[in-house]
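This report concerns only the one structure given below.
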Amino acid sequence: MSEQHDVSLAEGIGAFPPTRWARIIALRSTDAEKASLALSELCGLYWTPLYSYFRRQGRKPEEAEDLTQGLFEQLISRQNLLQADADKGRLRTFLLAAAKNFLISHHRREIRQKRGGTAITASLDADDSESHYARVCAFDDLTPEKLFDRQWATVTLESVRQMLAREYGNRGREGQFSVLERYLSWNDSDTSYAEAAPEAGLSEEAFRAAVVRMRKRYRFLLREKIADTVCGGDDVDAEIRHLFAAFG
């Protein structure tokens with residue numbers, strides 16, 4: 001997505017239930033196994049950002065994969081994430097700090113010896129993560145930390161787009177969404193609404209309204225995604241601002 005994102009995404013849209021991270025941590029005293037499984041699913045969002053962080057630290061692809069896998073296994077198996085206090089930080093910053101410490105204290109041989117423990121269900125496999133990393137290598141000025149943030153932002157936005165696409169698909173509107181999503185980035189397509197509307201089977205007025213609804217739903221889904229990893233509404237706004245700043 002372009003660097004010129006619409007920061008109005010950070011505007012409030014309703015109240016939030018307790019975040020998923022907070023709910024998972026609350027489970028630790030009653031059902032640690034369920035909490036670990038839920039954390040494993042949630043951490044899949046951070047696989048590629050952490051992989052990219054390790055790659056930018058000079059690690060080879062296979063070593064970065066081992067480091068990422070090993071970090072998640074350690075965090076889950078040792079219940080570090082369950083012991084963390086969600087009120088004292090964001091999951092993004094917690095994981096980045098954990099990655100720094102993990103890189104300092106572990107060697108590749110130690111990581112390989114610990115492979116085969118708790119399985120992490122990642123949203124992207126190692127090849128996809130390397131492909132993501134390769135696409136940003138041109139940004140030579142990015143520090144490992146900035147690269148982590150940019151990859152986190154990219155993966156988050158794409159995961160929300162996929163969620164939105166599935167919603168349209170479940171209503172049998174895949175074709176309509178393929179046209180509408182050209183206008184999702186707030187930098188409208190070169191094609192005018194009048195030209196695109198017939199492709200979606202809509203009048204120009206109906207198409208314009210459909211774009212507004214799509215963007216509103218995208219904003220809502222993005223906030224829900226971010227809310228899973230922070231403490232409350234104010235933190236959501238700040239985290240969304242940080243997300244778009246990662247492209248700056």
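Within each chain, counting starts at residue 1; across the structure tokens, chains are named A, B, ... in the order shown, with ligands numbered 1 upward in that order.
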
- Task: Would you mind listing what lies within 12 Å of Lys146 in chain A as a list in words, with only C-alpha atoms counted and same-chain residues fewer than 6 positions away left out?
- Result: Pro49, Leu50, Ser52, Tyr53, Arg56, Gln57, Thr93, Leu96, Val136, Phe139, Asp140, Trp152, Ala153, His242, Leu243, Ala245, Ala246, Phe247 and Gly248 of chain A

Can you list, as a PDB file with N, CA and C atoms, in the first residue's frame, every residue of range 213-244 of chain A that DSSP puts in helix (DSSP H, G or I)?
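Below is the file states_7.pdb, written as the result:
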```
ATOM      1  N   ARG A 213     -19.046   1.952   2.102  1.00  0.00           N
ATOM      2  CA  ARG A 213     -19.334   0.856   3.034  1.00  0.00           C
ATOM      3  C   ARG A 213     -18.130  -0.065   3.188  1.00  0.00           C
ATOM      4  N   MET A 214     -17.456  -0.359   2.071  1.00  0.00           N
ATOM      5  CA  MET A 214     -16.286  -1.232   2.127  1.00  0.00           C
ATOM      6  C   MET A 214     -15.195  -0.621   2.996  1.00  0.00           C
ATOM      7  N   ARG A 215     -14.926   0.664   2.797  1.00  0.00           N
ATOM      8  CA  ARG A 215     -13.883   1.326   3.580  1.00  0.00           C
ATOM      9  C   ARG A 215     -14.238   1.362   5.060  1.00  0.00           C
ATOM     10  N   LYS A 216     -15.514   1.609   5.344  1.00  0.00           N
ATOM     11  CA  LYS A 216     -15.952   1.644   6.737  1.00  0.00           C
ATOM     12  C   LYS A 216     -15.772   0.280   7.380  1.00  0.00           C
ATOM     13  N   ARG A 217     -16.108  -0.785   6.648  1.00  0.00           N
ATOM     14  CA  ARG A 217     -15.947  -2.133   7.183  1.00  0.00           C
ATOM     15  C   ARG A 217     -14.467  -2.462   7.356  1.00  0.00           C
ATOM     16  N   TYR A 218     -13.643  -2.013   6.420  1.00  0.00           N
ATOM     17  CA  TYR A 218     -12.208  -2.247   6.521  1.00  0.00           C
ATOM     18  C   TYR A 218     -11.646  -1.578   7.777  1.00  0.00           C
ATOM     19  N   ARG A 219     -12.074  -0.334   8.020  1.00  0.00           N
ATOM     20  CA  ARG A 219     -11.621   0.375   9.224  1.00  0.00           C
ATOM     21  C   ARG A 219     -11.998  -0.403  10.478  1.00  0.00           C
ATOM     22  N   PHE A 220     -13.224  -0.910  10.504  1.00  0.00           N
ATOM     23  CA  PHE A 220     -13.701  -1.647  11.667  1.00  0.00           C
ATOM     24  C   PHE A 220     -12.882  -2.919  11.872  1.00  0.00           C
ATOM     25  N   LEU A 221     -12.652  -3.670  10.800  1.00  0.00           N
ATOM     26  CA  LEU A 221     -11.893  -4.915  10.911  1.00  0.00           C
ATOM     27  C   LEU A 221     -10.446  -4.656  11.325  1.00  0.00           C
ATOM     28  N   LEU A 222      -9.869  -3.563  10.814  1.00  0.00           N
ATOM     29  CA  LEU A 222      -8.508  -3.217  11.192  1.00  0.00           C
ATOM     30  C   LEU A 222      -8.425  -2.911  12.678  1.00  0.00           C
ATOM     31  N   ARG A 223      -9.382  -2.145  13.170  1.00  0.00           N
ATOM     32  CA  ARG A 223      -9.370  -1.808  14.598  1.00  0.00           C
ATOM     33  C   ARG A 223      -9.547  -3.060  15.453  1.00  0.00           C
ATOM     34  N   GLU A 224     -10.395  -3.979  15.011  1.00  0.00           N
ATOM     35  CA  GLU A 224     -10.560  -5.221  15.758  1.00  0.00           C
ATOM     36  C   GLU A 224      -9.258  -6.022  15.770  1.00  0.00           C
ATOM     37  N   LYS A 225      -8.587  -6.074  14.632  1.00  0.00           N
ATOM     38  CA  LYS A 225      -7.316  -6.794  14.539  1.00  0.00           C
ATOM     39  C   LYS A 225      -6.285  -6.187  15.480  1.00  0.00           C
ATOM     40  N   ILE A 226      -6.167  -4.875  15.469  1.00  0.00           N
ATOM     41  CA  ILE A 226      -5.214  -4.194  16.344  1.00  0.00           C
ATOM     42  C   ILE A 226      -5.621  -4.348  17.803  1.00  0.00           C
ATOM     43  N   ALA A 227      -6.919  -4.287  18.070  1.00  0.00           N
ATOM     44  CA  ALA A 227      -7.406  -4.379  19.450  1.00  0.00           C
ATOM     45  C   ALA A 227      -7.042  -5.707  20.095  1.00  0.00           C
ATOM     46  N   GLY A 233      -9.050   1.222  23.924  1.00  0.00           N
ATOM     47  CA  GLY A 233      -9.323   2.129  22.818  1.00  0.00           C
ATOM     48  C   GLY A 233      -8.222   3.121  22.531  1.00  0.00           C
ATOM     49  N   ASP A 234      -7.690   3.766  23.550  1.00  0.00           N
ATOM     50  CA  ASP A 234      -6.630   4.747  23.326  1.00  0.00           C
ATOM     51  C   ASP A 234      -5.393   4.094  22.722  1.00  0.00           C
ATOM     52  N   ASP A 235      -5.071   2.893  23.204  1.00  0.00           N
ATOM     53  CA  ASP A 235      -3.917   2.179  22.667  1.00  0.00           C
ATOM     54  C   ASP A 235      -4.150   1.754  21.220  1.00  0.00           C
ATOM     55  N   VAL A 236      -5.391   1.432  20.877  1.00  0.00           N
ATOM     56  CA  VAL A 236      -5.709   1.061  19.503  1.00  0.00           C
ATOM     57  C   VAL A 236      -5.411   2.231  18.575  1.00  0.00           C
ATOM     58  N   ASP A 237      -5.874   3.418  18.938  1.00  0.00           N
ATOM     59  CA  ASP A 237      -5.625   4.600  18.111  1.00  0.00           C
ATOM     60  C   ASP A 237      -4.126   4.831  17.920  1.00  0.00           C
ATOM     61  N   ALA A 238      -3.377   4.735  19.016  1.00  0.00           N
ATOM     62  CA  ALA A 238      -1.934   4.966  18.942  1.00  0.00           C
ATOM     63  C   ALA A 238      -1.255   3.901  18.094  1.00  0.00           C
ATOM     64  N   GLU A 239      -1.717   2.650  18.220  1.00  0.00           N
ATOM     65  CA  GLU A 239      -1.092   1.571  17.466  1.00  0.00           C
ATOM     66  C   GLU A 239      -1.389   1.690  15.972  1.00  0.00           C
ATOM     67  N   ILE A 240      -2.583   2.152  15.627  1.00  0.00           N
ATOM     68  CA  ILE A 240      -2.908   2.348  14.212  1.00  0.00           C
ATOM     69  C   ILE A 240      -2.067   3.482  13.633  1.00  0.00           C
ATOM     70  N   ARG A 241      -1.887   4.538  14.403  1.00  0.00           N
ATOM     71  CA  ARG A 241      -1.001   5.611  13.931  1.00  0.00           C
ATOM     72  C   ARG A 241       0.411   5.091  13.724  1.00  0.00           C
ATOM     73  N   HIS A 242       0.866   4.247  14.638  1.00  0.00           N
ATOM     74  CA  HIS A 242       2.202   3.666  14.507  1.00  0.00           C
ATOM     75  C   HIS A 242       2.276   2.779  13.275  1.00  0.00           C
ATOM     76  N   LEU A 243       1.204   2.045  13.007  1.00  0.00           N
ATOM     77  CA  LEU A 243       1.158   1.160  11.845  1.00  0.00           C
ATOM     78  C   LEU A 243       1.379   1.937  10.557  1.00  0.00           C
ATOM     79  N   PHE A 244       0.665   3.029  10.381  1.00  0.00           N
ATOM     80  CA  PHE A 244       0.815   3.800   9.132  1.00  0.00           C
ATOM     81  C   PHE A 244       2.122   4.572   9.096  1.00  0.00           C
TER      82      PHE A 244
END
```

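CA of Ile76 in chain A is found 11.4 Å from CA of Lys34 in chain A.
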
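Closest approach to Leu75 in chain A among A:Tyr133, A:Phe102, A:Tyr51, A:Phe148: A:Phe102, based on only C-alpha atoms.
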
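Between CA of Leu45 in chain A and CA of Ser159 in chain A the interatomic distance comes to 8.3 Å.
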